[in-house]
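Encoded as structure tokens, the structure appears first; notes follow it.
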Amino acid sequence: MTDDLDQLSTHELHDRAVHRAEKHMDVKFFWALLKLIPAAEALSGDEGEAEYDIQFSKGKIYDALHSGDGALGEALRPVFIDYLRKHSDA
């Protein structure tokens with residue numbers, strides 16, 4: 001399982017990580033993801049969204065569930081790989 005994660009698309013990594021976290025009710029993963037999203041948005045060039053997320057918590061769950069999309073997903077790709085490697089039962 002761990003050897004093929006680097007070969008998966010970012011969207012597939014996101015889906016697997018989110019599915020595993022949902023299945024195991026892993027709130028810690030979602031919390032970590034929510035804390036990382038503003039920085040990842042800034043890294044992906046969306047400083048406006050990053051600033052909004054820092055100022056307001058509204059929309060965080062939506063962000064986590066869709067964090068595998070586009071530039072944001074690419075910025076969070078290492079997080080999905082790390083999570084899936086730590087929980088190789090996914």
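Letters for chains follow the order of the structure tokens (A, B, ...), residue numbers begin at 1 for each chain, and ligand numbers begin at 1 in the order shown.
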Would you pick out the contacts of Leu76 of chain A at 8 Å or less, using only C-alpha atoms, so that residues sharing its chain but fewer than 6 positions from it are not included, and give the list as an mmCIF file with C-alpha atoms, in the first residue's frame?
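Below is the file out.cif, written as the result:
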```
data_model
loop_
_atom_site.group_PDB
_atom_site.id
_atom_site.type_symbol
_atom_site.label_atom_id
_atom_site.label_comp_id
_atom_site.auth_asym_id
_atom_site.auth_seq_id
_atom_site.Cartn_x
_atom_site.Cartn_y
_atom_site.Cartn_z
ATOM 1 C CA ILE A 37 -5.714 24.723 4.878
ATOM 2 C CA ALA A 40 -1.817 25.645 1.939
ATOM 3 C CA SER A 67 -9.260 19.925 -0.023
ATOM 4 C CA GLY A 68 -8.152 17.494 -2.713
#
```
| query | What lies within 7 Å of segment 16-26 of chain A using only C-alpha atoms, ignoring chain neighbours under 3 positions off, as a ChimeraX atom specification? | reply | /A:12-13,29-30,80,83-84,90
What's the separation between atom CA of Pro78 of chain A and atom CA of Leu33 of chain A, in Å to one decimal place?
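Going from atom CA of Pro78 of chain A over to atom CA of Leu33 of chain A, I get 11.4 Å.
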